[in-house]
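Visitor: What follows is protein_1.cif, made up of mmCIF, C-alpha atoms:
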data_input
#
loop_
_atom_site.label_atom_id
_atom_site.label_comp_id
_atom_site.auth_asym_id
_atom_site.auth_seq_id
_atom_site.Cartn_x
_atom_site.Cartn_y
_atom_site.Cartn_z
CA MET A 30 0.00 0.00 0.00
CA PRO A 31 2.66 2.63 0.86
CA THR A 32 4.52 1.81 -2.35
CA GLY A 33 1.35 2.27 -4.38
CA VAL A 34 0.86 5.66 -2.74
CA LYS A 35 4.42 6.66 -3.65
CA VAL A 36 3.99 5.61 -7.29
CA PHE A 37 0.79 7.65 -7.40
CA ASN A 38 2.66 10.63 -5.89
CA TRP A 39 5.44 10.42 -8.47
CA VAL A 40 3.05 10.17 -11.42
CA ALA A 41 0.72 12.86 -10.05
CA THR A 42 3.69 15.19 -9.55
CA MET A 43 4.48 14.90 -13.26
CA TRP A 44 0.85 15.04 -14.40
CA LYS A 45 0.25 17.95 -16.79
CA GLY A 46 3.70 19.25 -15.92
CA SER A 47 5.85 21.18 -18.34
CA MET A 48 8.49 18.46 -18.47
CA THR A 49 11.62 18.28 -20.57
CA PHE A 50 13.36 14.97 -21.08
CA GLU A 51 17.03 15.52 -20.46
CA THR A 52 18.91 12.48 -19.16
CA PRO A 53 18.11 13.01 -15.44
CA MET A 54 14.38 13.02 -16.20
CA LEU A 55 14.68 10.00 -18.48
CA PHE A 56 16.27 8.02 -15.66
CA ALA A 57 13.65 9.28 -13.19
CA VAL A 58 10.81 8.17 -15.47
CA GLY A 59 12.65 4.91 -16.21
CA PHE A 60 12.94 4.33 -12.48
CA ILE A 61 9.18 4.76 -12.03
CA PHE A 62 8.51 2.36 -14.92
CA VAL A 63 10.72 -0.51 -13.72
CA PHE A 64 9.87 0.05 -10.04
CA THR A 65 6.15 -0.13 -10.85
CA MET A 66 6.64 -3.30 -12.86
CA GLY A 67 8.42 -4.79 -9.86
CA GLY A 68 5.53 -3.68 -7.69
CA PHE A 69 3.01 -5.47 -9.88
CA THR A 70 4.99 -8.71 -9.67
CA GLY A 71 5.05 -8.20 -5.90
CA LEU A 72 1.26 -8.15 -5.90
CA ILE A 73 1.31 -11.58 -7.50
CA LEU A 74 3.72 -12.84 -4.84
CA ALA A 75 1.31 -11.57 -2.18
CA VAL A 76 -1.30 -14.12 -3.34
CA THR A 77 -0.55 -17.13 -1.13
CA PRO A 78 -1.41 -19.99 -3.55
CA ILE A 79 0.77 -18.48 -6.27
CA ASP A 80 3.55 -17.63 -3.83
CA ILE A 81 3.70 -21.25 -2.70
CA GLN A 82 4.35 -22.27 -6.32
CA VAL A 83 6.90 -19.61 -7.22
CA HIS A 84 8.65 -19.34 -3.84
CA ASP A 85 12.43 -19.69 -4.23
CA THR A 86 12.19 -19.61 -8.03
CA TYR A 87 13.55 -17.17 -10.56
CA TYR A 88 10.24 -15.31 -10.41
CA VAL A 89 11.30 -13.95 -7.03
CA VAL A 90 14.73 -13.07 -8.44
CA ALA A 91 13.09 -11.10 -11.25
CA HIS A 92 10.74 -9.35 -8.82
CA PHE A 93 13.33 -8.09 -6.39
CA HIS A 94 15.75 -7.06 -9.13
CA TYR A 95 13.05 -4.93 -10.73
CA VAL A 96 12.39 -3.28 -7.38
CA LEU A 97 15.83 -3.12 -5.77
CA VAL A 98 18.37 -3.01 -8.60
CA ALA A 99 16.41 -0.71 -10.89
CA GLY A 100 14.93 1.11 -7.93
CA SER A 101 18.37 2.05 -6.70
CA LEU A 102 20.50 2.21 -9.87
CA PHE A 103 18.13 4.22 -12.04
CA ALA A 104 17.55 6.71 -9.21
CA LEU A 105 21.31 6.97 -8.60
CA PHE A 106 21.93 7.59 -12.29
CA ALA A 107 19.22 10.27 -12.33
CA GLY A 108 20.92 11.89 -9.34
CA PHE A 109 24.34 11.73 -10.97
CA TYR A 110 23.20 13.35 -14.19
CA TYR A 111 21.27 16.02 -12.29
CA TRP A 112 24.10 16.96 -9.92
CA ALA A 113 27.18 16.31 -12.10
CA PRO A 114 27.26 19.85 -13.50
CA LYS A 115 27.25 21.28 -9.97
CA TRP A 116 29.88 18.79 -8.74
CA THR A 117 32.31 19.05 -11.65
CA GLY A 118 31.60 22.45 -13.17
CA HIS A 119 31.16 20.78 -16.58
CA MET A 120 28.09 19.61 -18.44
CA TYR A 121 27.97 15.92 -19.22
CA PRO A 122 27.56 14.94 -22.92
CA GLU A 123 23.74 14.87 -23.29
CA GLY A 124 23.65 12.56 -26.31
CA ARG A 125 25.84 9.99 -24.60
CA GLY A 126 23.72 10.24 -21.46
CA LYS A 127 20.62 9.38 -23.46
CA ILE A 128 22.42 6.47 -25.11
CA HIS A 129 23.38 5.25 -21.64
CA PHE A 130 19.75 5.48 -20.51
CA TRP A 131 18.30 3.54 -23.44
CA LEU A 132 21.04 0.91 -23.33
CA SER A 133 20.47 0.45 -19.59
CA LEU A 134 16.68 0.31 -19.80
CA ILE A 135 16.54 -2.11 -22.73
CA THR A 136 19.27 -4.48 -21.52
CA PHE A 137 17.90 -4.43 -17.96
CA ASN A 138 14.54 -5.65 -19.23
CA ILE A 139 16.18 -8.22 -21.52
CA THR A 140 18.02 -9.52 -18.45
CA PHE A 141 15.30 -9.70 -15.86
CA PHE A 142 11.95 -9.93 -17.67
CA PRO A 143 12.53 -13.51 -18.94
CA MET A 144 13.27 -14.58 -15.36
CA HIS A 145 9.55 -14.28 -14.63
CA PHE A 146 8.87 -17.01 -17.19
CA LEU A 147 11.72 -19.14 -15.84
CA GLY A 148 10.25 -18.90 -12.35
CA LEU A 149 6.72 -19.69 -13.53
CA ALA A 150 8.17 -22.73 -15.33
CA GLY A 151 9.72 -23.88 -12.05
CA MET A 152 13.40 -22.98 -12.32
CA PRO A 153 14.73 -22.70 -8.75
CA ARG A 154 17.04 -19.91 -7.67
CA ARG A 155 20.54 -20.51 -6.23
CA TYR A 156 21.25 -23.44 -8.55
CA ALA A 157 24.62 -23.86 -10.25
CA ASP A 158 23.03 -25.74 -13.15
CA TYR A 159 19.58 -26.03 -14.68
CA ALA A 160 17.48 -28.38 -16.75
CA VAL A 161 17.77 -28.17 -20.52
CA GLN A 162 14.27 -26.73 -20.99
CA PHE A 163 15.45 -23.50 -19.33
CA THR A 164 18.36 -22.98 -21.74
CA ASP A 165 16.76 -20.55 -24.20
CA PHE A 166 15.55 -18.06 -21.63
CA ASN A 167 18.82 -18.30 -19.71
CA MET A 168 20.71 -17.52 -22.91
CA ILE A 169 18.57 -14.39 -23.39
CA VAL A 170 19.17 -13.43 -19.75
CA SER A 171 22.94 -13.85 -20.20
CA ILE A 172 22.97 -11.68 -23.33
CA GLY A 173 20.99 -9.00 -21.50
CA ALA A 174 23.29 -9.17 -18.48
CA PHE A 175 26.41 -8.69 -20.59
CA GLY A 176 24.65 -5.81 -22.36
CA PHE A 177 23.68 -4.21 -19.06
CA GLY A 178 27.26 -4.52 -17.81
CA PHE A 179 28.56 -3.02 -21.05
CA SER A 180 26.12 -0.12 -20.62
CA GLN A 181 27.75 0.77 -17.31
CA VAL A 182 31.26 0.53 -18.81
CA TYR A 183 30.03 2.89 -21.52
CA PHE A 184 28.71 5.22 -18.79
CA LEU A 185 32.09 5.27 -17.08
CA PHE A 186 34.22 5.92 -20.15
CA ALA A 187 31.83 7.91 -22.37
CA VAL A 188 30.08 10.02 -19.72
CA VAL A 189 31.87 10.15 -16.36
CA LEU A 190 35.48 10.57 -17.52
CA PRO A 191 34.72 13.26 -20.16
CA THR A 192 32.58 15.13 -17.62
CA ILE A 193 35.33 15.10 -15.00
CA ARG A 194 38.09 15.99 -17.44
CA GLY A 195 36.26 18.87 -19.04
CA GLY A 196 33.59 19.80 -21.48
CA ALA A 197 31.10 22.60 -21.76
CA LYS A 198 31.23 24.90 -18.76
CA ALA A 199 28.22 24.39 -16.52
CA PRO A 200 26.26 27.49 -15.53
CA ALA A 201 25.26 28.03 -11.92
CA LYS A 202 21.74 26.88 -12.80
CA PRO A 203 21.86 24.36 -15.66
CA TRP A 204 18.25 23.18 -15.23
CA GLU A 205 15.21 25.30 -15.97
CA GLY A 206 13.21 24.17 -12.93
CA ALA A 207 16.11 23.97 -10.49
CA GLU A 208 15.22 25.95 -7.39
CA GLY A 209 17.08 26.24 -4.13
CA LEU A 210 20.14 27.91 -2.72
CA GLU A 211 22.62 25.44 -4.23
CA TRP A 212 21.74 26.70 -7.73
CA THR A 213 22.60 30.31 -6.86
CA VAL A 214 26.33 29.61 -6.48
CA PRO A 215 28.80 28.94 -9.31
CA SER A 216 29.46 25.42 -10.61
CA PRO A 217 31.39 23.80 -9.04
CA ALA A 218 30.41 25.27 -5.70
CA PRO A 219 33.21 27.26 -4.06
CA PHE A 220 34.93 25.98 -0.93
CA HIS A 221 33.07 28.46 1.25
CA THR A 222 29.70 28.14 -0.40
CA PHE A 223 28.25 31.36 0.99
CA GLU A 224 30.59 34.17 2.07
CA ASN A 225 27.50 36.11 3.18
CA PRO A 226 24.24 34.70 4.52
CA PRO A 227 22.02 33.88 1.53
CA LEU A 228 18.62 35.43 0.96
CA VAL A 229 15.97 32.85 1.72
CA LYS A 230 12.55 33.60 0.24
#
Take the structure I supplied and represent it as C-alpha cells, if you would.
Guide:
Amino acid sequence: MPTGVKVFNWVATMWKGSMTFETPMLFAVGFIFVFTMGGFTGLILAVTPIDIQVHDTYYVVAHFHYVLVAGSLFALFAGFYYWAPKWTGHMYPEGRGKIHFWLSLITFNITFFPMHFLGLAGMPRRYADYAVQFTDFNMIVSIGAFGFGFSQVYFLFAVVLPTIRGGAKAPAKPWEGAEGLEWTVPSPAPFHTFENPPLVK
C-alpha cells in the first residue's frame, strides 16, 4: 500500500507538468517504470497460492531485481546526471547520457523480464546448473546481463570521464526548474559556499 501511494505521488507530480526529457528526467521516469513493474509482480507474490508455487524460483529473483536493482541504480543515475554539472563544473555529454539510458533500460529488461517465465516454469534460484528446458531463456538473460554490464562501462568511459576531465562549462543553474540555494552559487560550488548569509525567500 505505501509503495502504491508513492507511485501515485510520483506520477501525479508529473501530471500535466511542463516536463523536458534531459537524461536526469529519463532516468527518473525509467525508475518509475521498472519500479512499478516490480511492484506489480510483488502483488502476485502476495497471493498465497501463487507464492507457494513460485517461492524460491527465478520469479522472485526477477521481482526483487526490478524493485531493488532498478529502484536504486536508475535513481542513482538520475541523481548523478542532475548533480554532475554542480559537482564538476562541466556539463555531461547529453547525447551519450541518453544512449546510456536507453542501453540500460533495454538491456535491464532483456536480463530480468525472462526470469519471470523461468520462475513460472519452475526454475529454482541458487542453482549452479539447470534443466535443458530453461536454456533458451537463460541464454537471453545472459545476453541481457552482458549488455547491461557493457552499458555501465560505456557510462564510465563515455560520460563520467569526459565530464570530470572537461567539457562545456556548466552554468550556476543548468536546469530550468532547479530551485534552491545550491543553484545560486557557481558550478562547481566554491569551498566556502556562501561568504555572506544567503537570501531565503
Visitor: Evaluating the PyMOL selection byres ((chain A and resi 77-90) around 7) on the displayed file yields which residues, as a ChimeraX atom specification?
Guide: /A:74-76,91-94,144-145,147-149,151-154
Visitor: Please expand the PyMOL selection byres ((chain A and resi 191-204) around 10) into the concrete residues it hits in this file, giving the result as a short mmCIF file (atom, residue, chain, number, x, y, z; two decimals) with C-alpha atoms, in the frame of the given file.
Guide:
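Final file, selection-v7.cif:
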data_model
loop_
_atom_site.label_atom_id
_atom_site.label_comp_id
_atom_site.auth_asym_id
_atom_site.auth_seq_id
_atom_site.Cartn_x
_atom_site.Cartn_y
_atom_site.Cartn_z
CA THR A 49 11.62 18.28 -20.57
CA GLU A 51 17.03 15.52 -20.46
CA TYR A 111 21.27 16.02 -12.29
CA TRP A 112 24.10 16.96 -9.92
CA ALA A 113 27.18 16.31 -12.10
CA PRO A 114 27.26 19.85 -13.50
CA LYS A 115 27.25 21.28 -9.97
CA TRP A 116 29.88 18.79 -8.74
CA THR A 117 32.31 19.05 -11.65
CA GLY A 118 31.60 22.45 -13.17
CA HIS A 119 31.16 20.78 -16.58
CA MET A 120 28.09 19.61 -18.44
CA TYR A 121 27.97 15.92 -19.22
CA PRO A 122 27.56 14.94 -22.92
CA LEU A 185 32.09 5.27 -17.08
CA PHE A 186 34.22 5.92 -20.15
CA ALA A 187 31.83 7.91 -22.37
CA VAL A 188 30.08 10.02 -19.72
CA VAL A 189 31.87 10.15 -16.36
CA LEU A 190 35.48 10.57 -17.52
CA GLU A 205 15.21 25.30 -15.97
CA GLY A 206 13.21 24.17 -12.93
CA ALA A 207 16.11 23.97 -10.49
CA GLU A 208 15.22 25.95 -7.39
CA GLY A 209 17.08 26.24 -4.13
CA GLU A 211 22.62 25.44 -4.23
CA TRP A 212 21.74 26.70 -7.73
CA THR A 213 22.60 30.31 -6.86
CA VAL A 214 26.33 29.61 -6.48
CA PRO A 215 28.80 28.94 -9.31
CA SER A 216 29.46 25.42 -10.61
CA PRO A 217 31.39 23.80 -9.04
CA ALA A 218 30.41 25.27 -5.70
#
Visitor: List the neighbours of segment 54-58 of chain A out to 9 Å using all atoms listed in the file; skip same-chain residues closer than 3 positions along the sequence, and give me the result as JSON, numbers by chain.
Guide: {"A": [40, 48, 49, 50, 51, 61, 62, 63, 103, 104, 105, 106, 107, 108, 110, 111, 127, 130, 131, 134]}
Visitor: Could you tell me how far atom CA of Phe141 of chain A sits from atom CA of Val96 of chain A, in Å to one decimal place?
Guide: 11.0 Å
Visitor: Which distance in Å separates atom CA of Thr136 of chain A and atom CA of Gly176 of chain A, to one decimal?
Guide: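 Computing the Euclidean distance for atom CA of Thr136 of chain A and atom CA of Gly176 of chain A yields 5.6 Å.
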Visitor: To one decimal place, how far is atom CA of Tyr95 of chain A from atom CA of Phe109 of chain A in Å?
Guide: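 A separation of 20.1 Å between them.
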Visitor: Around all of segment 32-48 of chain A's listed atoms, make the axis-aligned box with 6 Å on each side and tell me centre and edge lengths in Å to one decimal, as AutoDock Vina command-line options.
Guide:
--center_x 4.4 --center_y 11.5 --center_z -10.4 --size_x 20.2 --size_y 31.4 --size_z 28.1
Visitor: Show me as a list of chain:residue names the residues that reach within 7 Å of (15.7, 0.1, -12.6), counting only C-alpha atoms and using the file's own coordinates.
Guide: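 Final list of nearby residues, as requested, is A:Gly59, A:Phe60, A:Val63, A:Phe64, A:Tyr95, A:Val98, A:Ala99, A:Gly100, A:Ser101, A:Leu102, A:Phe103.
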Visitor: Taking all atoms listed in the file into account, name the residue in A:Trp44, A:Phe166, A:Phe220, A:Phe142 that is nearest to Met66 of chain A.
Guide: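 Comparing A:Trp44, A:Phe166, A:Phe220, A:Phe142 against Met66 of chain A, the winner is A:Phe142.
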Visitor: Pick out the closest residue to Thr164 of chain A from this set: A:Pro143, A:Asn38, A:Phe223, A:His129. Count all atoms listed in the file.
Guide: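 Result for the nearest residue to Thr164 of chain A: A:Pro143.
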Visitor: Excluding Ile169 of chain A and its own-chain neighbours fewer than 2 positions away, which residues fall within 8 Å of it when counting only C-alpha atoms? Please give them as a PyMOL selection string.
Guide: chain A and resi 139-140+143+165-167+171-173
Visitor: Can you complete the atoms of segment 139-150 of chain A to all heavy atoms and list them as a CSV table (one decimal), keeping the file's coordinate frame?
Guide:
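Writing done, so here's part33.csv:
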chain,number,residue,atom,x,y,z
A,139,ILE,N,15.8,-7.0,-20.9
A,139,ILE,CA,16.2,-8.2,-21.5
A,139,ILE,C,16.7,-9.2,-20.5
A,139,ILE,O,16.5,-10.4,-20.6
A,139,ILE,CB,17.2,-8.0,-22.6
A,139,ILE,CG1,16.6,-7.2,-23.8
A,139,ILE,CG2,17.8,-9.3,-23.1
A,139,ILE,CD1,17.5,-6.8,-24.9
A,140,THR,N,17.4,-8.7,-19.5
A,140,THR,CA,18.0,-9.5,-18.4
A,140,THR,C,17.0,-10.1,-17.5
A,140,THR,O,16.9,-11.3,-17.3
A,140,THR,CB,19.1,-8.7,-17.6
A,140,THR,OG1,20.1,-8.2,-18.5
A,140,THR,CG2,19.7,-9.6,-16.6
A,141,PHE,N,16.1,-9.3,-17.0
A,141,PHE,CA,15.3,-9.7,-15.9
A,141,PHE,C,13.9,-10.1,-16.2
A,141,PHE,O,13.2,-10.8,-15.5
A,141,PHE,CB,15.3,-8.6,-14.8
A,141,PHE,CG,16.7,-8.5,-14.1
A,141,PHE,CD1,17.4,-7.4,-14.4
A,141,PHE,CD2,17.2,-9.5,-13.3
A,141,PHE,CE1,18.7,-7.2,-13.8
A,141,PHE,CE2,18.4,-9.3,-12.7
A,141,PHE,CZ,19.2,-8.2,-13.0
A,142,PHE,N,13.3,-9.6,-17.3
A,142,PHE,CA,12.0,-9.9,-17.7
A,142,PHE,C,11.8,-11.4,-17.9
A,142,PHE,O,10.8,-12.0,-17.5
A,142,PHE,CB,11.4,-9.1,-18.8
A,142,PHE,CG,9.9,-9.2,-19.0
A,142,PHE,CD1,9.1,-8.5,-18.1
A,142,PHE,CD2,9.4,-9.9,-20.0
A,142,PHE,CE1,7.7,-8.5,-18.2
A,142,PHE,CE2,8.0,-10.0,-20.1
A,142,PHE,CZ,7.2,-9.3,-19.2
A,143,PRO,N,12.7,-12.1,-18.7
A,143,PRO,CA,12.5,-13.5,-18.9
A,143,PRO,C,12.6,-14.4,-17.7
A,143,PRO,O,12.1,-15.5,-17.7
A,143,PRO,CB,13.7,-13.9,-19.9
A,143,PRO,CG,14.1,-12.6,-20.5
A,143,PRO,CD,13.8,-11.5,-19.5
A,144,MET,N,13.2,-13.8,-16.6
A,144,MET,CA,13.3,-14.6,-15.4
A,144,MET,C,11.9,-14.9,-14.8
A,144,MET,O,11.7,-15.8,-14.1
A,144,MET,CB,14.1,-13.8,-14.3
A,144,MET,CG,15.6,-13.8,-14.7
A,144,MET,SD,16.5,-13.1,-13.3
A,144,MET,CE,18.2,-13.1,-14.1
A,145,HIS,N,10.9,-14.0,-15.1
A,145,HIS,CA,9.6,-14.3,-14.6
A,145,HIS,C,9.1,-15.6,-15.2
A,145,HIS,O,8.5,-16.4,-14.5
A,145,HIS,CB,8.6,-13.2,-15.0
A,145,HIS,CG,8.9,-11.8,-14.4
A,145,HIS,ND1,9.6,-10.8,-15.0
A,145,HIS,CD2,8.5,-11.4,-13.1
A,145,HIS,CE1,9.7,-9.8,-14.2
A,145,HIS,NE2,9.0,-10.1,-13.0
A,146,PHE,N,9.3,-15.8,-16.5
A,146,PHE,CA,8.9,-17.0,-17.2
A,146,PHE,C,9.6,-18.2,-16.7
A,146,PHE,O,9.1,-19.3,-16.5
A,146,PHE,CB,9.0,-16.9,-18.7
A,146,PHE,CG,8.3,-15.7,-19.3
A,146,PHE,CD1,8.9,-14.6,-19.8
A,146,PHE,CD2,6.9,-15.6,-19.2
A,146,PHE,CE1,8.2,-13.6,-20.3
A,146,PHE,CE2,6.2,-14.6,-19.7
A,146,PHE,CZ,6.9,-13.5,-20.3
A,147,LEU,N,10.9,-18.0,-16.4
A,147,LEU,CA,11.7,-19.1,-15.8
A,147,LEU,C,11.2,-19.6,-14.5
A,147,LEU,O,11.0,-20.8,-14.2
A,147,LEU,CB,13.2,-18.7,-15.7
A,147,LEU,CG,14.0,-18.6,-17.0
A,147,LEU,CD1,15.3,-17.9,-16.7
A,147,LEU,CD2,14.2,-20.0,-17.6
A,148,GLY,N,10.8,-18.6,-13.7
A,148,GLY,CA,10.2,-18.9,-12.4
A,148,GLY,C,8.9,-19.6,-12.5
A,148,GLY,O,8.6,-20.5,-11.7
A,149,LEU,N,8.0,-19.1,-13.3
A,149,LEU,CA,6.7,-19.7,-13.5
A,149,LEU,C,6.9,-21.1,-14.1
A,149,LEU,O,6.0,-22.0,-13.8
A,149,LEU,CB,5.9,-18.8,-14.5
A,149,LEU,CG,5.4,-17.5,-13.9
A,149,LEU,CD1,4.8,-16.7,-15.0
A,149,LEU,CD2,4.4,-17.7,-12.8
A,150,ALA,N,7.9,-21.4,-14.8
A,150,ALA,CA,8.2,-22.7,-15.3
A,150,ALA,C,8.8,-23.6,-14.3
A,150,ALA,O,9.0,-24.8,-14.5
A,150,ALA,CB,9.0,-22.7,-16.6
